[in-house]
Amino acid sequence: MILNLYLLRRFLLGLLVSLVVLVSIEIFFSFSSEMKYLNEGNYDFNVILKYIILSIPRSIDTMFPYSVLIGALLSLGAMAADMEFVAMQSAGVSVRKILIIILLQTFFISTIFYIIVDSIVPTFSSKAETVRNIALKKQSYFNKNGTWFKNNDSFIKILEIYPNDTVKGISVYTYDDSNQLSTVNYIESAKFIKGKWNLENVIKIDLSEDPIATERFQNMLSDDLIDIKLINIKTNKPYSLRLRDVRRNIKYLQANNLDTSIQEKIFWEKVMKPIATVIMLFLAMPFIFGKMRSINASKRIVIGLFIGIIFFIISSILPNLGLIIGINPFISVMLPLIVFAFLGQYIYKYQLESGLR
């Protein structure tokens, strides 16, 4: 018990120091990046400062796994340099047991951390993006060829999606029971207010009549232009979604016979974050011992970062590649974790052969 608490204290100290440093660097670069938009639209210094402050929880979330990695390398590397592990081995505590203790502690800490940030980061990140987009008068989502939605019997094309539930350049194609195009609506802009869509400059073409009838409306209200949930699913970024929001999105898409693969990928990535953090650390920990024990702390950090970057790149690319080629989202998320887990096992066995016990 005393050993567990001692290792936990040393590990947490390294984690907190690394997290403060990395988040500070992230904030500095974010602030420098945002300064190029200074005085563009209403984006003044105060708005930039507000955006940066609201983005801090997201920065902490992003940097946490790397802080775990670097913190462990610093803390455990210092313990190895001070021959503390040798003393523990002399007392009958194997390195294998030390690794298991630290990995279990990492999983426990990571699970608690991600549960907490799941309720904090989406709220602050959403506010940050809204503040920024409104000040810059920027779209939340833009596609020069338009973005397509399916809502009941209608197919909807939207050119521009703005914050505060505003869309522009809308074309609505509605089909009848025999799958024949019945009406086409062209809408300049629409804003969702209190459960209704406020439409401006509407052209309604009724193809079911002979001759074809055309009507124009300067303003009109609609209850069923498009489900606002569909727009939120399209525009919300993964870090702006809680886990329960993702599950609700999946159920909603399934109920409407729409593709759920992107939301399933986001769901499994969120669920597997604690395991991914443990695997990242497992890959680096053997370098603290054995042949790598004689290497100084700075080189160990470089090695750890290198491993972390490779792990991050592959674990980010494979799920997205899986979506393109049609692999099940769960498999595409799990595959890099499994591959790197086996790689970590290989590295660990290699270190065993070099004297790690």
# chains A, B, ... in the order shown; residues from 1 in each chain; ligands from 1
$ select_by_dssp --residues "segment 48-193 of chain A" --states "strand (DSSP E)" --output "count of residues only"
43
$ select_by_dssp --residues "segment 32-279 of chain A" --states "helix (DSSP H, G or I)" --output "PyMOL selection string"
chain A and resi 32-37+45-81+84-90+95-136+228-235+238-240+243-255+261-271+273-279
$ closest_residue --among "A:Pro319, A:Asn133, A:Ala91, A:Leu99" --to "Asn4 of chain A" --atoms "only C-alpha atoms"
A:Leu99
$ residues_around --residues "Leu207 of chain A" --least-positions-apart "5" --cutoff "9 Å" --atoms "only C-alpha atoms" --output "PyMOL selection string"
chain A and resi 181-184+212-214
$ write_last_selection --atoms "C-alpha atoms" --output "mmCIF file, in the first residue's frame"
data_model
loop_
_atom_site.group_PDB
_atom_site.id
_atom_site.type_symbol
_atom_site.label_atom_id
_atom_site.label_comp_id
_atom_site.auth_asym_id
_atom_site.auth_seq_id
_atom_site.Cartn_x
_atom_site.Cartn_y
_atom_site.Cartn_z
ATOM 1 C CA LEU A 181 -40.498 15.065 -57.317
ATOM 2 C CA SER A 182 -43.491 17.105 -56.202
ATOM 3 C CA THR A 183 -42.206 20.450 -54.909
ATOM 4 C CA VAL A 184 -39.004 22.482 -54.947
ATOM 5 C CA ILE A 212 -46.446 24.292 -62.738
ATOM 6 C CA ALA A 213 -47.322 26.805 -60.006
ATOM 7 C CA THR A 214 -44.805 29.233 -58.522
#
$ closest_atom_pairs --of "segment 202-277 of chain A" --to "segment 335-349 of chain A" --cutoff "10 Å" --atoms "only C-alpha atoms" --output "Markdown table"
| residue | atom | partner | partner_atom | distance |
| --- | --- | --- | --- | --- |
| A:Met272 | CA | A:Leu337 | CA | 8.9 |
| A:Ile275 | CA | A:Leu337 | CA | 8.1 |
| A:Ala276 | CA | A:Leu337 | CA | 6.4 |
| A:Thr277 | CA | A:Leu337 | CA | 9.9 |
$ write_last_selection --atoms "C-alpha atoms" --output "PDB file, in the first residue's frame"
ATOM      1  CA  MET A 272     -11.421   3.979 -25.596  1.00  0.00           C
ATOM      2  CA  ILE A 275      -7.231   2.475 -22.724  1.00  0.00           C
ATOM      3  CA  ALA A 276      -5.410   4.431 -25.451  1.00  0.00           C
ATOM      4  CA  THR A 277      -3.646   6.503 -22.775  1.00  0.00           C
TER       5      THR A 277
END
$ closest_atom_pairs --of "segment 166-241 of chain A" --to "segment 116-123 of chain A" --cutoff "9 Å" --atoms "only C-alpha atoms" --output "Markdown table"
| residue | atom | partner | partner_atom | distance |
| --- | --- | --- | --- | --- |
| A:Pro238 | CA | A:Pro122 | CA | 8.5 |
| A:Tyr239 | CA | A:Pro122 | CA | 5.7 |
| A:Ser240 | CA | A:Pro122 | CA | 3.8 |
| A:Leu241 | CA | A:Pro122 | CA | 5.3 |
$ write_last_selection --atoms "C-alpha atoms" --output "JSON list (two decimals), in the first residue's frame"
[["chain", "number", "residue", "atom", "x", "y", "z"],
["A", 238, "PRO", "CA", -16.24, 15.72, -31.71],
["A", 239, "TYR", "CA", -14.83, 17.69, -28.77],
["A", 240, "SER", "CA", -18.10, 19.64, -28.55],
["A", 241, "LEU", "CA", -20.12, 16.47, -27.99]]
$ residues_around --residues "Ile307 of chain A" --least-positions-apart "2" --cutoff "8 Å" --atoms "only C-alpha atoms" --output "number ranges by chain"
A: 280, 283-284, 303-305, 309-311
$ write_last_selection --atoms "C-alpha atoms" --output "PDB file, in the first residue's frame"
ATOM      1  CA  MET A 280       0.691   4.964 -25.015  1.00  0.00           C
ATOM      2  CA  LEU A 283       4.917   1.662 -25.062  1.00  0.00           C
ATOM      3  CA  ALA A 284       7.284   4.116 -23.369  1.00  0.00           C
ATOM      4  CA  ILE A 303      11.793   8.892 -27.408  1.00  0.00           C
ATOM      5  CA  GLY A 304       8.497   9.119 -25.527  1.00  0.00           C
ATOM      6  CA  LEU A 305       7.265  11.990 -27.686  1.00  0.00           C
ATOM      7  CA  ILE A 309       3.340  11.090 -32.131  1.00  0.00           C
ATOM      8  CA  ILE A 310       3.437   7.791 -34.051  1.00  0.00           C
ATOM      9  CA  PHE A 311       0.647   6.386 -31.890  1.00  0.00           C
TER      10      PHE A 311
END
$ closest_residue --among "A:Ser171, A:Thr62, A:Asn152, A:Asn320" --to "Ile266 of chain A" --atoms "only C-alpha atoms"
A:Asn320
$ residues_around --residues "segment 157-168 of chain A" --least-positions-apart "4" --cutoff "10 Å" --atoms "only C-alpha atoms" --output "CSV table (one decimal) with C-alpha atoms, in the first residue's frame"
chain,number,residue,atom,x,y,z
A,129,GLU,CA,-16.5,28.3,-31.2
A,130,THR,CA,-19.7,30.3,-31.1
A,131,VAL,CA,-18.0,33.4,-29.7
A,132,ARG,CA,-15.3,33.2,-32.3
A,133,ASN,CA,-17.6,32.5,-35.3
A,134,ILE,CA,-20.0,35.3,-34.4
A,137,LYS,CA,-19.1,36.5,-38.9
A,138,LYS,CA,-17.9,33.0,-40.0
A,139,GLN,CA,-19.9,30.0,-40.9
A,140,SER,CA,-20.0,27.0,-38.5
A,141,TYR,CA,-19.9,24.8,-41.6
A,142,PHE,CA,-19.3,25.5,-45.2
A,143,ASN,CA,-19.1,23.4,-48.4
A,144,LYS,CA,-18.8,25.2,-51.7
A,145,ASN,CA,-20.9,22.4,-53.3
A,146,GLY,CA,-23.5,22.5,-50.5
A,147,THR,CA,-24.3,20.1,-47.7
A,148,TRP,CA,-27.0,17.6,-48.2
A,149,PHE,CA,-29.5,16.4,-45.6
A,150,LYS,CA,-32.5,13.9,-45.7
A,172,VAL,CA,-35.6,21.7,-50.6
A,173,TYR,CA,-36.7,18.8,-52.9
A,186,TYR,CA,-35.6,27.9,-52.7
A,187,ILE,CA,-35.0,29.8,-49.5
A,188,GLU,CA,-32.5,32.6,-49.1
A,189,SER,CA,-32.1,32.2,-45.3
A,190,ALA,CA,-33.7,30.6,-42.3
A,191,LYS,CA,-33.3,31.0,-38.6
A,192,PHE,CA,-34.5,28.5,-35.9
A,193,ILE,CA,-36.4,30.4,-33.2
A,197,TRP,CA,-38.0,28.1,-38.7
A,198,ASN,CA,-38.3,31.8,-39.8
A,199,LEU,CA,-37.8,31.7,-43.6
A,200,GLU,CA,-36.9,34.7,-45.7
A,228,ILE,CA,-32.4,21.0,-36.1
A,231,ILE,CA,-27.7,20.3,-38.5
A,232,ASN,CA,-26.2,20.0,-35.0
A,234,LYS,CA,-23.3,17.9,-38.9
A,235,THR,CA,-21.8,21.0,-37.4
$ atom_distance --atom1 "atom CA of Ile314 of chain A" --atom2 "atom CA of Met334 of chain A"
11.4 Å
$ residues_around --residues "segment 46-54 of chain A" --least-positions-apart "3" --cutoff "7 Å" --atoms "only C-alpha atoms" --output "list of chain:residue names"
A:Ile27, A:Phe31, A:Glu34, A:Tyr43, A:Phe124, A:Ser125, A:Ala128, A:Val131, A:Arg132
$ write_last_selection --atoms "C-alpha atoms" --output "tab-separated table (two decimals), in the first residue's frame"
chain	number	residue	atom	x	y	z
A	27	ILE	CA	-2.33	28.42	-25.04
A	31	PHE	CA	-3.14	32.97	-28.83
A	34	GLU	CA	-5.67	33.96	-33.25
A	43	TYR	CA	-12.86	40.01	-33.33
A	124	PHE	CA	-16.80	25.40	-22.98
A	125	SER	CA	-15.66	24.39	-26.48
A	128	ALA	CA	-15.66	29.25	-27.54
A	131	VAL	CA	-17.99	33.41	-29.68
A	132	ARG	CA	-15.29	33.17	-32.33
$ closest_residue --among "A:Phe64, A:Phe108, A:Phe330, A:Tyr350" --to "Glu26 of chain A" --atoms "only C-alpha atoms"
A:Phe64
$ atom_distance --atom1 "atom CA of Met88 of chain A" --atom2 "atom CA of Leu7 of chain A"
11.4 Å
$ decode --residues "segment 100-118 of chain A" --atoms "N, CA and C atoms" --output "compact mmCIF listing (two decimals), in the first residue's frame"
# COMPACT_ATOMS: atom_id res chain seq x y z
N ILE A 100 2.85 -2.82 -13.61
CA ILE A 100 1.41 -3.12 -13.49
C ILE A 100 0.73 -2.09 -12.59
N ILE A 101 1.38 -1.76 -11.46
CA ILE A 101 0.81 -0.77 -10.53
C ILE A 101 0.61 0.57 -11.22
N ILE A 102 1.62 1.01 -11.96
CA ILE A 102 1.55 2.33 -12.61
C ILE A 102 0.51 2.33 -13.73
N LEU A 103 0.44 1.24 -14.49
CA LEU A 103 -0.55 1.17 -15.58
C LEU A 103 -1.98 1.15 -15.02
N LEU A 104 -2.19 0.43 -13.94
CA LEU A 104 -3.52 0.42 -13.31
C LEU A 104 -3.88 1.79 -12.76
N GLN A 105 -2.90 2.47 -12.14
CA GLN A 105 -3.14 3.82 -11.64
C GLN A 105 -3.45 4.78 -12.79
N THR A 106 -2.74 4.60 -13.90
CA THR A 106 -2.97 5.45 -15.08
C THR A 106 -4.38 5.24 -15.62
N PHE A 107 -4.81 3.99 -15.69
CA PHE A 107 -6.16 3.71 -16.17
C PHE A 107 -7.21 4.33 -15.26
N PHE A 108 -7.01 4.20 -13.96
CA PHE A 108 -7.96 4.76 -12.99
C PHE A 108 -8.02 6.28 -13.10
N ILE A 109 -6.85 6.93 -13.14
CA ILE A 109 -6.79 8.40 -13.25
C ILE A 109 -7.39 8.87 -14.57
N SER A 110 -7.05 8.17 -15.66
CA SER A 110 -7.54 8.55 -16.99
C SER A 110 -9.05 8.42 -17.08
N THR A 111 -9.58 7.36 -16.51
CA THR A 111 -11.03 7.15 -16.55
C THR A 111 -11.76 8.27 -15.82
N ILE A 112 -11.29 8.61 -14.63
CA ILE A 112 -11.89 9.71 -13.87
C ILE A 112 -11.75 11.02 -14.63
N PHE A 113 -10.57 11.25 -15.19
CA PHE A 113 -10.31 12.50 -15.92
C PHE A 113 -11.27 12.64 -17.11
N TYR A 114 -11.40 11.58 -17.92
CA TYR A 114 -12.24 11.68 -19.11
C TYR A 114 -13.72 11.74 -18.78
N ILE A 115 -14.12 11.15 -17.66
CA ILE A 115 -15.52 11.29 -17.23
C ILE A 115 -15.81 12.75 -16.87
N ILE A 116 -14.85 13.38 -16.19
CA ILE A 116 -15.03 14.78 -15.79
C ILE A 116 -15.03 15.70 -17.00
N VAL A 117 -14.05 15.54 -17.89
CA VAL A 117 -13.95 16.45 -19.04
C VAL A 117 -15.08 16.24 -20.03
N ASP A 118 -15.70 15.05 -20.00
CA ASP A 118 -16.82 14.79 -20.91
C ASP A 118 -17.99 15.73 -20.65
